[in-house]
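Okay, target.txt now, which holds compact mmCIF, C-alpha atoms:
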```txt
# COMPACT_ATOMS: atom_id res chain seq x y z
CA MET A 14 0.00 0.00 0.00
CA ASN A 15 1.12 3.42 -0.73
CA LYS A 16 1.15 6.39 1.60
CA LYS A 17 -2.00 7.94 0.03
CA SER A 18 -4.06 4.79 0.65
CA LEU A 19 -2.95 4.63 4.27
CA ILE A 20 -4.01 8.25 4.82
CA VAL A 21 -7.44 7.61 3.24
CA ILE A 22 -7.95 4.50 5.39
CA GLY A 23 -6.83 6.46 8.46
CA VAL A 24 -9.28 9.30 7.73
CA ILE A 25 -12.11 6.81 7.17
CA LEU A 26 -11.34 5.11 10.49
CA VAL A 27 -11.27 8.45 12.35
CA VAL A 28 -14.59 9.47 10.77
CA MET A 29 -16.13 6.12 11.72
CA ILE A 30 -14.90 6.43 15.33
CA ILE A 31 -16.29 9.96 15.58
CA ALA A 32 -19.62 8.81 14.08
CA VAL A 33 -19.88 5.96 16.60
CA PHE A 34 -19.00 8.31 19.46
CA ILE A 35 -21.60 10.89 18.40
CA SER A 36 -24.29 8.27 17.84
CA GLN A 37 -23.67 6.84 21.33
CA ARG A 38 -24.06 10.28 22.88
CA MET A 39 -27.29 10.87 21.00
CA ILE A 40 -28.98 7.75 22.37
CA VAL A 41 -31.79 8.97 24.57
CA GLU A 42 -32.08 6.99 27.73
CA ALA A 43 -35.25 6.88 29.76
CA PRO A 44 -34.80 9.03 32.85
CA ILE A 45 -34.26 7.11 36.03
CA SER A 46 -37.05 7.82 38.45
CA LYS A 47 -35.69 9.00 41.75
CA THR A 48 -38.99 9.15 43.57
CA VAL A 49 -38.37 9.31 47.25
CA ALA A 50 -41.05 7.93 49.52
CA PRO A 51 -42.22 10.40 52.14
CA VAL A 52 -40.94 9.68 55.63
CA GLU A 53 -41.87 10.70 59.14
CA VAL A 54 -39.61 13.32 60.70
CA TYR A 55 -38.78 13.23 64.38
CA GLU A 56 -37.67 16.58 65.82
CA ASN A 57 -35.78 16.09 69.09
CA ALA A 58 -37.70 12.81 69.36
CA SER A 59 -37.60 9.18 68.22
CA LYS A 60 -39.86 6.29 67.21
CA ASP A 61 -39.60 5.04 70.78
CA MET A 62 -41.31 8.20 72.07
CA ILE A 63 -44.37 8.43 69.81
CA GLY A 64 -45.99 6.54 66.97
CA VAL A 65 -49.19 6.77 64.98
CA ASP A 66 -51.00 3.53 64.12
CA SER A 67 -53.77 4.96 61.95
CA LEU A 68 -51.69 6.99 59.48
CA ARG A 69 -48.51 6.54 57.43
CA ALA A 70 -46.33 9.11 55.68
CA GLY A 71 -47.73 9.86 52.22
CA ASN A 72 -51.31 8.79 53.00
CA THR A 73 -54.16 10.84 51.58
CA ILE A 74 -56.45 12.21 54.28
CA LYS A 75 -59.85 13.89 54.46
CA SER A 76 -61.59 15.84 57.19
CA PRO A 77 -62.51 14.75 59.81
CA LEU A 78 -59.43 12.66 60.55
CA SER A 79 -59.17 10.17 63.42
CA LEU A 80 -55.73 9.42 64.80
CA THR A 81 -54.64 6.67 67.15
CA GLY A 82 -51.23 5.71 68.41
CA THR A 83 -48.96 5.49 71.43
CA ALA A 84 -46.76 8.07 73.16
CA LEU A 85 -44.57 7.89 76.22
CA GLY A 86 -46.17 9.23 79.38
CA ASN A 87 -43.88 12.29 79.42
CA TRP A 88 -45.17 13.31 75.96
CA TYR A 89 -48.44 14.27 77.69
CA PHE A 90 -49.27 16.95 80.24
CA GLU A 91 -52.53 16.53 82.11
CA GLY A 92 -53.27 13.62 79.77
CA SER A 93 -53.09 15.46 76.44
CA PHE A 94 -50.79 16.96 73.80
CA PRO A 95 -51.33 19.28 70.80
CA ILE A 96 -51.80 18.11 67.21
CA GLU A 97 -51.79 20.36 64.14
CA VAL A 98 -52.72 19.84 60.51
CA ARG A 99 -50.56 22.08 58.31
CA ASP A 100 -50.72 22.81 54.61
CA SER A 101 -47.64 22.73 52.36
CA SER A 102 -46.79 26.35 53.26
CA GLY A 103 -46.80 25.49 56.97
CA ALA A 104 -50.07 27.28 57.77
CA VAL A 105 -52.16 25.57 60.46
CA VAL A 106 -55.45 24.48 58.84
CA GLY A 107 -56.72 22.38 61.74
CA GLN A 108 -55.80 21.57 65.31
CA THR A 109 -56.87 19.35 68.17
CA ILE A 110 -55.44 17.50 71.14
CA GLY A 111 -54.37 13.90 71.48
CA VAL A 112 -55.99 12.42 74.58
CA ALA A 113 -54.48 9.64 76.67
CA GLN A 114 -56.65 6.52 76.76
CA SER A 115 -55.18 5.29 80.04
CA ASP A 116 -53.04 6.55 82.93
CA TRP A 117 -50.49 8.92 81.39
CA MET A 118 -48.35 9.36 84.51
CA VAL A 119 -46.10 6.45 83.56
CA SER A 120 -42.76 6.15 81.81
CA THR A 121 -44.05 3.63 79.27
CA GLY A 122 -46.21 3.98 76.17
CA VAL A 123 -49.74 5.29 76.59
CA PRO A 124 -52.37 4.93 73.83
CA PHE A 125 -53.91 8.15 72.52
CA GLN A 126 -56.86 9.09 70.34
CA ALA A 127 -57.69 12.33 68.52
CA ASP A 128 -60.19 13.62 65.99
CA VAL A 129 -59.39 16.72 63.97
CA MET A 130 -61.33 18.72 61.41
CA PHE A 131 -59.55 20.87 58.85
CA THR A 132 -60.23 22.93 55.74
CA THR A 133 -57.72 23.51 52.96
CA THR A 134 -57.38 23.72 49.21
CA ALA A 135 -53.75 22.54 49.38
CA THR A 136 -52.83 19.17 47.93
CA SER A 137 -50.16 18.32 50.49
CA GLY A 138 -49.13 19.12 54.02
CA SER A 139 -48.34 17.44 57.30
CA ILE A 140 -49.71 16.25 60.61
CA VAL A 141 -47.62 17.54 63.52
CA LEU A 142 -47.85 15.82 66.91
CA LYS A 143 -46.10 17.92 69.55
CA ASN A 144 -45.23 16.97 73.08
CA ASP A 145 -47.05 19.10 75.64
CA ASN A 146 -44.30 21.29 77.03
CA PRO A 147 -45.72 23.37 79.90
CA SER A 148 -42.25 24.75 80.71
CA GLY A 149 -42.21 26.72 77.45
CA ASP A 150 -38.50 25.91 77.17
CA PRO A 151 -37.84 25.40 73.42
CA ILE A 152 -35.06 22.92 74.16
CA ARG A 153 -37.75 20.57 75.52
CA ASP A 154 -39.96 20.81 72.42
CA ARG A 155 -40.42 17.54 70.56
CA ALA A 156 -42.46 16.69 67.49
CA LEU A 157 -43.40 13.97 65.06
CA ILE A 158 -44.12 15.36 61.58
CA ILE A 159 -45.96 13.12 59.12
CA PRO A 160 -46.13 14.32 55.50
CA ILE A 161 -49.57 13.69 53.96
CA MET A 162 -51.68 14.41 50.89
CA PHE A 163 -55.09 16.06 51.12
CA GLY A 164 -58.05 14.40 49.41
CA ASN A 165 -60.01 17.59 48.76
CA LYS A 166 -62.50 16.09 46.34
```
Just give me the structure as structure tokens.
Amino acid sequence: MNKKSLIVIGVILVVMIIAVFISQRMIVEAPISKTVAPVEVYENASKDMIGVDSLRAGNTIKSPLSLTGTALGNWYFEGSFPIEVRDSSGAVVGQTIGVAQSDWMVSTGVPFQADVMFTTTATSGSIVLKNDNPSGDPIRDRALIIPIMFGNK
């Protein structure tokens, strides 16, 4: 082979490599779904302190909503604790109290029950169960935040 033929073959090979490279980059792949399941958030608290049996993160709720669960005795004060329904902007759209269903002056779990009514046009929000903190000391504030969807229709 002469020098001219080798150059032509070399150019053809380079063009083919570039064409393959470009075609590989142009392949459109289906986007990988990175949907993250909603999760409960414990602020200065843990699953051992409070849990809700009747609701899971991501559930769709309607008014009125009944909640049941268990909280440690020190989550209550005088047998109750505050519960809020918030829309996606954080505005309180409903509130009630969780009421102990047995003696709350114990260090173990105490069942609670609550019914709350709310009104909103939002599509998502959260249920916030706060410990009753009569001291007012923010360092003693605790909360369980459960993200939810609103079934407005």
Would you kindly return, as a count of residues only, each protein, DNA or RNA residue with an atom no farther than 9 Å from any atom of Val52 of chain A, considering only C-alpha atoms and excluding same-chain residues fewer than 4 positions away?
6
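Residues surrounding Phe163 of chain A within 9 Å are A:Asn72, A:Thr73, A:Ile74, A:Lys75, A:Ser76, A:Asp100, A:Thr133, A:Thr134, A:Ala135, A:Thr136, A:Ser137, A:Gly138, A:Ile161, A:Asn165, A:Lys166 [only C-alpha atoms; sequence separation below 2 positions excluded].
Going from atom CA of Phe94 of chain A to atom CA of Ile152 of chain A covers 16.8 Å.
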Please give the centre and size of the box around segment 136-153 of chain A (axis-aligned, containing every atom listed in the file, 8 Å added per side), with values in Å to one decimal and written as lines of an AutoDock Vina configuration file.
```
center_x = -43.9
center_y = 21.3
center_z = 64.3
size_x = 33.8
size_y = 26.9
size_z = 48.8
```
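One distance worth recording is that between atom CA of Val119 of chain A and atom CA of Ser93 of chain A, which is 13.4 Å.
Minimum distance to Lys143 of chain A across A:Asn57, A:Asn15, A:Ser120, A:Ser67 (counting all atoms listed in the file) occurs at A:Asn57.
Distances from A:Val24, A:Ile63, A:Leu142, A:Val49 to Ala127 of chain A were compared using all atoms listed in the file, and the smallest one belongs to A:Leu142.
Closest approach to Leu157 of chain A from the set A:Ser18, A:Thr109, A:Ser101, A:Ser59 is made by A:Ser59, with distances taken over all atoms listed in the file.
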